[in-house]
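K.L.:
The structure under discussion is supplied below as structure tokens; questions concerning it will follow.
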Amino acid sequence: MACLPPAQDDNVLPLQHNRIGGRKFVDNTDQDEVKKEDGAPIPDSTPSHMEIVSSSAMCLIQHLQENNQYEIALKVLLSSLGSCLQHFVSNTSSMELCDKNQAGREHKLAIDIGKLAVERLRMYTSTILLKICGSRHVDEVLGLGYTCVLAKETALSMLQSLTTGAGQNYRKLLAVATIGEAFASLNDEKQLLVICRELIVSAKWGKRLSKLKISNLKDVFSTPGAHSKRQIIPHLVRHPAMNVTLIKEYCRAFGYRDEFDVNEALLLHLEMLLIPDNMVMPGDPVELNETAIESVLSSISDKDMMVRKLNQMIAMVNSYDYERLIFIMRKMLETKASLENLHNVDVGLKLLYCLNIYTRKVEPSQYELDFHCTTEEKQLRGMRENLSPFAKTRLPYHPLLEGGQWKILSPELSEDTIEELLPVANYLRLPMDHVYVVTITNVVNRYKKGNQPSGDASKTGVINIKVLEKVQKLLLRIGSIDIAIATARMVAKGLPLGPEKVVALNVCVMLAKHAVDRCPGDSPERRKAQLLHQKLSTVYRAVATEQILYKHQLASQKLLAMVETPAKLIFTLYEHPSVQQRKLGKQQDLPDIHAAAAEISEVNNLDVGKIWMRLVEMLLPHPSASKQADDDVTLNMNISLVSVDESSHTEEEASMKRVIYVLQAGDVEINAKFLMNFAFKSGSTGITNACRVRALRCLFTLHDAEKIEKLADKPVGQIREYMKNLLYLCKLSHLNISMDLDAFIKVDKEGLVRGLWRNHSRNQKAVRLVADLCIDYKIHDTQLWNSILLQLISFNMTDFLHHVLSSLSALPDLWHIQCLPRAWRSVLLAPFTAVCAPLTEDQEDRCRQSAIFLQSCPMAMSLDLASLCKQFSKVEMYAEALGCLLYIPAQDKIQALLDLQCHVAILDEIAKVEQSGKQMPQADKIQAAVFEHLARTERYSTLEDTKHFASMSDYFVKTKNIKGLLKRALMANRVGDAIDMVNLYSGYHPDTPTTLGQDSSGVAKLRSYLKMYKLGDLLQYVPKEPRQYNSESTG
């Protein structure tokens, strides 16, 4: 050990040092030199060599410490301490030779240096050990060496301090534990050796698990003891980086020799694999690591324990995660463990297979939302767990097994899903009959909610009937007849009146019939079933009949009250007012009585054909036939027996229409033969001549002559003659004149007529009979006819008089009857007696009939047509009034009528009548008269802006009289109309001479026409250059 010489020595050579070895505490030479120079004694404070060396060493050590050179500092410290102690010992080995005072000071200095050295030694050793243990490559031998430098207690304390400070730095902890193990072996510390070995294992596992990024291990591996290591097993096994091998090594490393503990750890890891913690939401699709799961399952030795654990896991899996549940159950069955609940697992697996192929139809219910809310706190707080996305398409597995079968399945059951859900219900051991009942209830409720039943029997309800047909199929699948009938009655009761209710009741009847057939003969059960069947059948027939009435718009209170007496109801149907409103071939918007009767008969098991025949037999001999048959009908030999006044709906005519309508139903030939047999049947006291006449009237109304001849095998004329004779016999009987058919045929008709007139001329029926006999048998006595017409006028029998005059108009021999003009005037003026303008449509038609009837009058020129014209004018029928004046040469009256400025009204009336398809007498002549009057008075402007202007132009073009209209058009600056008129004229009269070709312009043609027909004064209104003209733009 050496130090620098004193600074005052000027002769110091480079690299010169003062060494402490072999020297005294204080050199004498130095003291002498000091004395010589100063001349004074040496002071006691002169530093000794040991002080100088220790001071210099401490400065160097401090400098090395500040620069983290602890290892060098330790070497300097040990070297300095050794030199100082050697120096002290060498100078104090002989106390007699040394200075006592100086030795005391050096001894004290040596003690101080030793204390300081021990303190620094401990500090530097700890720091160096810390660096060694914290380095990447630990020099365990070096660390052990430094540890051995310290005292045993100090070393143990140092190792404990390093272990505590290592924390979760497992590399440092492993180094400290390794050094401690070697130190314990050297010092024979068995307890320390065990602790250090445990720390080595813990540090290795801590380091190994840290590499797997398993966090939250805290101080588990930095302290000895296996209990804390066992507590973190649930946390470790749930880490995805863990595997079977690692788990087994961990268990062996920390002394888990028992297989139960290893299996338990593996089962915890299996739970992590099957139910991972990384699901964002319960039931999220997380794929199964089947390879890892298979490895765990094969490593578990206790299969029963494994199956029990898997069974517990089933309850932990989300109810909608079918794949995970199926996997677990399949593995449980593959173990073939001897547990009692494996049968339930097998059933549950089959149930899952059925659920997996079914797609949910209804949104999750509140029951599913509340199912996982298990604690009372959650229920009070209303906490709900979010359902899996699969909840929209899958049914929950666990609620189905835990008492919620009906709550889950009931909303899903429908006619479309029943087949898919039947296996599910079967595995859940639900009664099949109840499943069908719930399905039917759902079908009906959804149908009533989403597709409201018609509630109207007049609607066919095609879609609704299809739904009920499905319900019927479900009802037939119910095993218990009682339940099926009760369900069908429930469905029928909940439906309003309509086709749906009828179908439902029909199903009830059918099921009740099945119940009767199943019961043994003459048993109380059979009698009870028969009573129920009879009751349901009665209700069904009544409701079905009522529905038919609604369907055909016949549901009056009177008819609805008769639904339980169907035959009487059918008879009453043919008294419906629609029968009187019908016209053959035109039955629009009227109920079909035949269809209603046929349907009612079918529902009530009746023969509708027999009912129709019975109805005809009842209606043909009408009670009023003997009194009115001859009042309302007469015989037209060219057509058939028709009503004289078809507008009068007497009781007789109403009855006839009903008979005719009834006969239109059924077989045509059978009905025709029935009528002929009825009419020609002899020897029956119940059939009168009036009945025979009615039968023949029906025959001629329903069939043509050819058809009648074919069926009767006799000429139709013969049948008509027979009917005419029957009719006259009826009329004679009304006058209390009894005569049979042969007698009437042989009697002198003229003598019969005169006798009737002589005795019954004051009787209206007799007058009608006499007139008919005179017409039919051509009795042309003018005096007799004059009396007949006077009586008809006096009786005011206008309608019959109209018929008589129509017949007389074809007999020129009778045109000279004195009162004939009076009779015609009476008939023609009759419609005007009780009307005034404005007229109704029916009144207009009746008044117009007078104008039409006038055309058939053979003496129109002898009538006072001016009066008739006046009557038409009063009711503002100017077209008919003008038509009357055209029969007589009365130009002044025509002029006076048209001077009323009624041109447009006349033309409008003609257009209206023609548009409606009715007859307007002399329409063309009336139109021509109006146009001629406008031409004479030059009032063309009257029709210029009306729809009749084109008709007027056509008329004048056809009659070659367009000069006036052409002049009016040009003067009114309607050049376009004038050009159109000239073009139309050329088209109608192509032979008209012209100086221009067909390709000439319209203006050129117009100018040429004006020049040709000497209308040059109108040329000034025609432009010289051609332009585009039309009647609208130039008006």
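Lettering and numbering for the structure tokens are positional, with chains as A, B, ... in the shown order, residues counted from 1 in each chain, and ligands counted from 1 in the shown order.
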Near range 853-855 of chain A, within 10 Å and counting only C-alpha atoms, which residues show up once chain neighbours fewer than 2 positions away are dropped, as an NGL selection string?
P.N.:
:A and (802 or 805-806 or 824-825 or 827-828 or 848-851 or 857-860 or 863 or 865 or 884 or 887 or 921-922)
K.L.:
Using N, CA, C and O atoms, can you export the residues from the last selection as a PDB file, in the first residue's frame?
P.N.:
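Output saved as out36.pdb:
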ATOM      1  N   HIS A 802    -156.307   1.127 -75.491  1.00  0.00           N
ATOM      2  CA  HIS A 802    -155.065   1.193 -76.278  1.00  0.00           C
ATOM      3  C   HIS A 802    -154.858  -0.125 -77.035  1.00  0.00           C
ATOM      4  O   HIS A 802    -154.523  -0.133 -78.236  1.00  0.00           O
ATOM      5  N   LEU A 805    -157.550  -0.341 -79.896  1.00  0.00           N
ATOM      6  CA  LEU A 805    -157.245   0.541 -81.022  1.00  0.00           C
ATOM      7  C   LEU A 805    -156.077   0.007 -81.848  1.00  0.00           C
ATOM      8  O   LEU A 805    -156.044   0.156 -83.077  1.00  0.00           O
ATOM      9  N   SER A 806    -155.106  -0.614 -81.180  1.00  0.00           N
ATOM     10  CA  SER A 806    -153.993  -1.217 -81.917  1.00  0.00           C
ATOM     11  C   SER A 806    -154.491  -2.323 -82.827  1.00  0.00           C
ATOM     12  O   SER A 806    -154.018  -2.486 -83.959  1.00  0.00           O
ATOM     13  N   TRP A 824    -159.388   7.523 -80.089  1.00  0.00           N
ATOM     14  CA  TRP A 824    -157.960   7.805 -80.280  1.00  0.00           C
ATOM     15  C   TRP A 824    -157.537   9.030 -79.458  1.00  0.00           C
ATOM     16  O   TRP A 824    -156.485   9.037 -78.833  1.00  0.00           O
ATOM     17  N   ARG A 825    -158.364  10.096 -79.513  1.00  0.00           N
ATOM     18  CA  ARG A 825    -158.018  11.311 -78.757  1.00  0.00           C
ATOM     19  C   ARG A 825    -157.958  11.014 -77.267  1.00  0.00           C
ATOM     20  O   ARG A 825    -157.091  11.511 -76.545  1.00  0.00           O
ATOM     21  N   VAL A 827    -157.152   8.169 -75.785  1.00  0.00           N
ATOM     22  CA  VAL A 827    -155.938   7.417 -75.464  1.00  0.00           C
ATOM     23  C   VAL A 827    -154.707   8.303 -75.571  1.00  0.00           C
ATOM     24  O   VAL A 827    -153.793   8.254 -74.726  1.00  0.00           O
ATOM     25  N   LEU A 828    -154.658   9.170 -76.627  1.00  0.00           N
ATOM     26  CA  LEU A 828    -153.464  10.003 -76.845  1.00  0.00           C
ATOM     27  C   LEU A 828    -153.306  11.058 -75.759  1.00  0.00           C
ATOM     28  O   LEU A 828    -152.186  11.397 -75.362  1.00  0.00           O
ATOM     29  N   ARG A 848    -144.312  10.146 -74.270  1.00  0.00           N
ATOM     30  CA  ARG A 848    -143.710   9.857 -75.569  1.00  0.00           C
ATOM     31  C   ARG A 848    -144.402   8.674 -76.240  1.00  0.00           C
ATOM     32  O   ARG A 848    -144.445   8.574 -77.471  1.00  0.00           O
ATOM     33  N   GLN A 849    -144.994   7.777 -75.441  1.00  0.00           N
ATOM     34  CA  GLN A 849    -145.742   6.663 -76.019  1.00  0.00           C
ATOM     35  C   GLN A 849    -146.936   7.154 -76.829  1.00  0.00           C
ATOM     36  O   GLN A 849    -147.330   6.517 -77.811  1.00  0.00           O
ATOM     37  N   SER A 850    -147.485   8.291 -76.448  1.00  0.00           N
ATOM     38  CA  SER A 850    -148.585   8.873 -77.230  1.00  0.00           C
ATOM     39  C   SER A 850    -148.097   9.257 -78.616  1.00  0.00           C
ATOM     40  O   SER A 850    -148.787   9.034 -79.622  1.00  0.00           O
ATOM     41  N   ALA A 851    -146.889   9.853 -78.697  1.00  0.00           N
ATOM     42  CA  ALA A 851    -146.338  10.216 -80.004  1.00  0.00           C
ATOM     43  C   ALA A 851    -146.035   8.976 -80.834  1.00  0.00           C
ATOM     44  O   ALA A 851    -146.239   8.968 -82.064  1.00  0.00           O
ATOM     45  N   CYS A 857    -151.926   5.370 -85.976  1.00  0.00           N
ATOM     46  CA  CYS A 857    -153.311   5.833 -86.110  1.00  0.00           C
ATOM     47  C   CYS A 857    -153.648   5.981 -87.595  1.00  0.00           C
ATOM     48  O   CYS A 857    -152.984   6.746 -88.324  1.00  0.00           O
ATOM     49  N   PRO A 858    -154.693   5.283 -88.075  1.00  0.00           N
ATOM     50  CA  PRO A 858    -155.033   5.384 -89.497  1.00  0.00           C
ATOM     51  C   PRO A 858    -155.742   6.679 -89.866  1.00  0.00           C
ATOM     52  O   PRO A 858    -155.937   6.987 -91.043  1.00  0.00           O
ATOM     53  N   MET A 859    -156.128   7.452 -88.874  1.00  0.00           N
ATOM     54  CA  MET A 859    -156.858   8.689 -89.157  1.00  0.00           C
ATOM     55  C   MET A 859    -156.197   9.867 -88.461  1.00  0.00           C
ATOM     56  O   MET A 859    -156.870  10.723 -87.890  1.00  0.00           O
ATOM     57  N   ALA A 860    -154.868   9.897 -88.480  1.00  0.00           N
ATOM     58  CA  ALA A 860    -154.149  10.967 -87.804  1.00  0.00           C
ATOM     59  C   ALA A 860    -154.512  12.337 -88.352  1.00  0.00           C
ATOM     60  O   ALA A 860    -154.573  13.327 -87.605  1.00  0.00           O
ATOM     61  N   LEU A 863    -157.535  13.914 -86.655  1.00  0.00           N
ATOM     62  CA  LEU A 863    -157.480  14.237 -85.239  1.00  0.00           C
ATOM     63  C   LEU A 863    -157.066  15.683 -85.018  1.00  0.00           C
ATOM     64  O   LEU A 863    -156.438  16.315 -85.878  1.00  0.00           O
ATOM     65  N   LEU A 865    -154.613  17.414 -83.906  1.00  0.00           N
ATOM     66  CA  LEU A 865    -153.209  17.297 -83.500  1.00  0.00           C
ATOM     67  C   LEU A 865    -152.670  18.578 -82.902  1.00  0.00           C
ATOM     68  O   LEU A 865    -151.656  18.561 -82.204  1.00  0.00           O
ATOM     69  N   CYS A 884    -145.839  16.227 -83.996  1.00  0.00           N
ATOM     70  CA  CYS A 884    -147.288  16.206 -84.223  1.00  0.00           C
ATOM     71  C   CYS A 884    -147.687  17.157 -85.352  1.00  0.00           C
ATOM     72  O   CYS A 884    -148.561  16.842 -86.181  1.00  0.00           O
ATOM     73  N   TYR A 887    -147.561  16.134 -89.131  1.00  0.00           N
ATOM     74  CA  TYR A 887    -148.591  15.300 -89.756  1.00  0.00           C
ATOM     75  C   TYR A 887    -149.583  16.139 -90.558  1.00  0.00           C
ATOM     76  O   TYR A 887    -150.271  15.613 -91.441  1.00  0.00           O
ATOM     77  N   PRO A 921    -140.121   9.124 -82.433  1.00  0.00           N
ATOM     78  CA  PRO A 921    -140.806   9.120 -83.734  1.00  0.00           C
ATOM     79  C   PRO A 921    -140.443  10.345 -84.584  1.00  0.00           C
ATOM     80  O   PRO A 921    -140.385  11.467 -84.077  1.00  0.00           O
ATOM     81  N   GLN A 922    -140.208  10.101 -85.870  1.00  0.00           N
ATOM     82  CA  GLN A 922    -139.918  11.141 -86.869  1.00  0.00           C
ATOM     83  C   GLN A 922    -138.724  11.997 -86.472  1.00  0.00           C
ATOM     84  O   GLN A 922    -138.728  13.217 -86.687  1.00  0.00           O
TER      85      GLN A 922
END
K.L.:
Which residues, written as a list of chain:residue names, have at least one atom at most 12 Å from Leu511 in chain A, with only C-alpha atoms counted and residues fewer than 6 positions away on the same chain left out?
P.N.:
A:Gln472, A:Lys473, A:Leu475, A:Leu476, A:Arg477, A:Ile478, A:Gly479, A:Ser480, A:Ile481, A:Asp482, A:Ile483, A:Ala484, A:Ile485, A:Ala486, A:Thr487, A:Ala488, A:Arg489, A:Ala504, A:Leu505, A:Asp517, A:Arg518, A:Ala529, A:Gln530, A:Leu532, A:His533, A:Leu536, A:Ser537
K.L.:
With only C-alpha atoms as the counted atoms, please give the residues lying no more than 10 Å from His398 in chain A, apart from itself and same-chain residues fewer than 3 positions off, as an MDAnalysis selection string.
P.N.:
chainID A and resid 314:320 368 371 395 401:405
K.L.:
Export, as a short mmCIF file (atom, residue, chain, number, x, y, z; two decimals), in the first residue's frame, the selected residues with all heavy atoms.
P.N.:
data_model
loop_
_atom_site.label_atom_id
_atom_site.label_comp_id
_atom_site.auth_asym_id
_atom_site.auth_seq_id
_atom_site.Cartn_x
_atom_site.Cartn_y
_atom_site.Cartn_z
N ILE A 314 -73.59 -28.21 -17.94
CA ILE A 314 -74.75 -28.05 -18.83
C ILE A 314 -75.62 -26.90 -18.35
O ILE A 314 -76.12 -26.09 -19.15
CB ILE A 314 -75.55 -29.36 -18.89
CG1 ILE A 314 -74.76 -30.41 -19.65
CG2 ILE A 314 -76.91 -29.12 -19.56
CD1 ILE A 314 -75.43 -31.77 -19.68
N ALA A 315 -75.80 -26.81 -17.03
CA ALA A 315 -76.62 -25.73 -16.49
C ALA A 315 -75.95 -24.37 -16.66
O ALA A 315 -76.63 -23.33 -16.63
CB ALA A 315 -76.93 -25.98 -15.02
N MET A 316 -74.60 -24.35 -16.82
CA MET A 316 -73.87 -23.09 -16.97
C MET A 316 -73.82 -22.61 -18.41
O MET A 316 -73.57 -21.43 -18.66
CB MET A 316 -72.44 -23.27 -16.43
CG MET A 316 -72.39 -23.71 -14.97
SD MET A 316 -70.74 -24.27 -14.47
CE MET A 316 -69.80 -22.77 -14.69
N VAL A 317 -74.06 -23.50 -19.36
CA VAL A 317 -74.02 -23.12 -20.78
C VAL A 317 -75.27 -22.34 -21.12
O VAL A 317 -76.37 -22.62 -20.61
CB VAL A 317 -73.90 -24.37 -21.68
CG1 VAL A 317 -73.93 -23.99 -23.15
CG2 VAL A 317 -72.62 -25.12 -21.35
N ASN A 318 -75.13 -21.34 -21.99
CA ASN A 318 -76.27 -20.53 -22.39
C ASN A 318 -77.33 -21.39 -23.06
O ASN A 318 -77.03 -22.32 -23.80
CB ASN A 318 -75.81 -19.43 -23.35
CG ASN A 318 -76.91 -18.43 -23.61
OD1 ASN A 318 -77.68 -18.58 -24.53
ND2 ASN A 318 -76.97 -17.40 -22.77
N SER A 319 -78.59 -21.09 -22.76
CA SER A 319 -79.69 -21.91 -23.24
C SER A 319 -79.80 -21.96 -24.76
O SER A 319 -80.43 -22.87 -25.31
CB SER A 319 -81.02 -21.38 -22.67
OG SER A 319 -81.03 -21.50 -21.27
N TYR A 320 -79.23 -20.99 -25.44
CA TYR A 320 -79.36 -20.92 -26.90
C TYR A 320 -78.13 -21.47 -27.62
O TYR A 320 -78.12 -21.50 -28.85
CB TYR A 320 -79.59 -19.47 -27.33
CG TYR A 320 -80.75 -18.82 -26.63
CD1 TYR A 320 -80.55 -17.99 -25.52
CD2 TYR A 320 -82.06 -19.03 -27.05
CE1 TYR A 320 -81.61 -17.40 -24.86
CE2 TYR A 320 -83.13 -18.44 -26.40
CZ TYR A 320 -82.89 -17.62 -25.30
OH TYR A 320 -83.95 -17.04 -24.67
N GLU A 368 -88.60 -15.61 -20.51
CA GLU A 368 -87.19 -15.85 -20.86
C GLU A 368 -86.31 -14.74 -20.33
O GLU A 368 -85.19 -14.98 -19.87
CB GLU A 368 -87.05 -15.96 -22.37
CG GLU A 368 -87.72 -17.18 -22.95
CD GLU A 368 -87.54 -17.26 -24.45
OE1 GLU A 368 -86.39 -17.11 -24.91
OE2 GLU A 368 -88.54 -17.43 -25.17
N PHE A 371 -85.80 -15.34 -16.68
CA PHE A 371 -85.35 -16.67 -16.27
C PHE A 371 -84.01 -16.62 -15.55
O PHE A 371 -83.81 -17.33 -14.55
CB PHE A 371 -85.25 -17.58 -17.50
CG PHE A 371 -84.84 -18.99 -17.18
CD1 PHE A 371 -85.73 -19.86 -16.61
CD2 PHE A 371 -83.54 -19.43 -17.43
CE1 PHE A 371 -85.36 -21.16 -16.30
CE2 PHE A 371 -83.16 -20.72 -17.13
CZ PHE A 371 -84.08 -21.59 -16.56
N LEU A 395 -85.09 -21.60 -29.61
CA LEU A 395 -85.82 -21.72 -28.35
C LEU A 395 -84.83 -22.02 -27.23
O LEU A 395 -83.84 -22.73 -27.45
CB LEU A 395 -86.85 -22.84 -28.44
CG LEU A 395 -87.99 -22.64 -29.45
CD1 LEU A 395 -88.89 -23.87 -29.45
CD2 LEU A 395 -88.78 -21.40 -29.15
N LEU A 401 -86.76 -27.37 -19.77
CA LEU A 401 -86.61 -28.49 -18.84
C LEU A 401 -86.93 -28.11 -17.42
O LEU A 401 -86.97 -28.98 -16.55
CB LEU A 401 -85.17 -29.03 -18.92
CG LEU A 401 -84.74 -29.59 -20.28
CD1 LEU A 401 -83.29 -30.02 -20.23
CD2 LEU A 401 -85.61 -30.77 -20.69
N GLU A 402 -87.11 -26.84 -17.16
CA GLU A 402 -87.28 -26.39 -15.78
C GLU A 402 -88.65 -25.77 -15.55
O GLU A 402 -88.78 -24.76 -14.86
CB GLU A 402 -86.18 -25.40 -15.41
CG GLU A 402 -84.79 -26.03 -15.46
CD GLU A 402 -83.70 -25.06 -15.04
OE1 GLU A 402 -84.04 -24.07 -14.37
OE2 GLU A 402 -82.54 -25.29 -15.37
N GLY A 403 -89.67 -26.34 -16.15
CA GLY A 403 -91.05 -25.93 -15.86
C GLY A 403 -91.62 -24.89 -16.80
O GLY A 403 -92.77 -24.48 -16.63
N GLY A 404 -90.86 -24.45 -17.80
CA GLY A 404 -91.38 -23.42 -18.71
C GLY A 404 -91.77 -23.95 -20.07
O GLY A 404 -91.75 -23.21 -21.05
N GLN A 405 -92.11 -25.25 -20.13
CA GLN A 405 -92.40 -25.85 -21.44
C GLN A 405 -93.54 -25.13 -22.15
O GLN A 405 -93.42 -24.72 -23.30
CB GLN A 405 -92.76 -27.34 -21.28
CG GLN A 405 -91.68 -28.18 -20.64
CD GLN A 405 -91.87 -28.32 -19.14
OE1 GLN A 405 -92.39 -27.42 -18.49
NE2 GLN A 405 -91.46 -29.46 -18.59
#
K.L.:
List as a ChimeraX atom specification the protein and nucleic acid residues near Ser55 in chain A, meaning an atom at most 12 Å away when only C-alpha atoms are counted, but skip any in the same chain fewer than 3 places from it.
P.N.:
/A:2-4,47-52,58-62,77,80-81,84,109,112-113,116
K.L.:
Nearest to Val141 in chain A: which of A:Lys466, A:Gly180, A:Ala103, A:Thr942 is it, counting only C-alpha atoms?
P.N.:
A:Gly180
K.L.:
Please indicate the distance in Å from CA of Trp205 in chain A to CA of Glu181 in chain A, rounded to one decimal place.
P.N.:
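Going from CA of Trp205 in chain A over to CA of Glu181 in chain A covers 17.4 Å.
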K.L.:
Give me every helix (DSSP H, G or I) residue in range 452-565 of chain A, going by DSSP on the backbone, as a VMD selection string.
P.N.:
chain A and resid 462 to 476 481 to 494 499 to 518 524 to 551 557 to 560
K.L.:
What's around Tyr574 in chain A at 10 Å? Count only C-alpha atoms, leave out sequence neighbours fewer than 6 positions away in its own chain, and write the answer as a count of residues only.
P.N.:
12
K.L.:
Measuring atom to atom with only C-alpha atoms, identify which of A:Val467, A:Ala544, A:Leu868, A:Leu1019 is nearest to Pro499 in chain A.
P.N.:
A:Ala544
K.L.:
Tell me which of A:Leu430, A:Leu773, A:Ala969, A:Val913 sits closest to Glu938 in chain A, counting only C-alpha atoms.
P.N.:
A:Ala969
K.L.:
Quick check, in Å to one decimal: how far apart do CA of Val507 in chain A and CA of Lys493 in chain A lie?
P.N.:
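If I compute the distance from CA of Val507 in chain A to CA of Lys493 in chain A, I get 12.7 Å.
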K.L.:
Return the single residue from A:Leu573, A:Val957, A:Arg974, A:His734 that is closest to Asp945 in chain A, with distances computed using only C-alpha atoms.
P.N.:
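Among the listed residues, the smallest separation from Asp945 in chain A belongs to A:Arg974.
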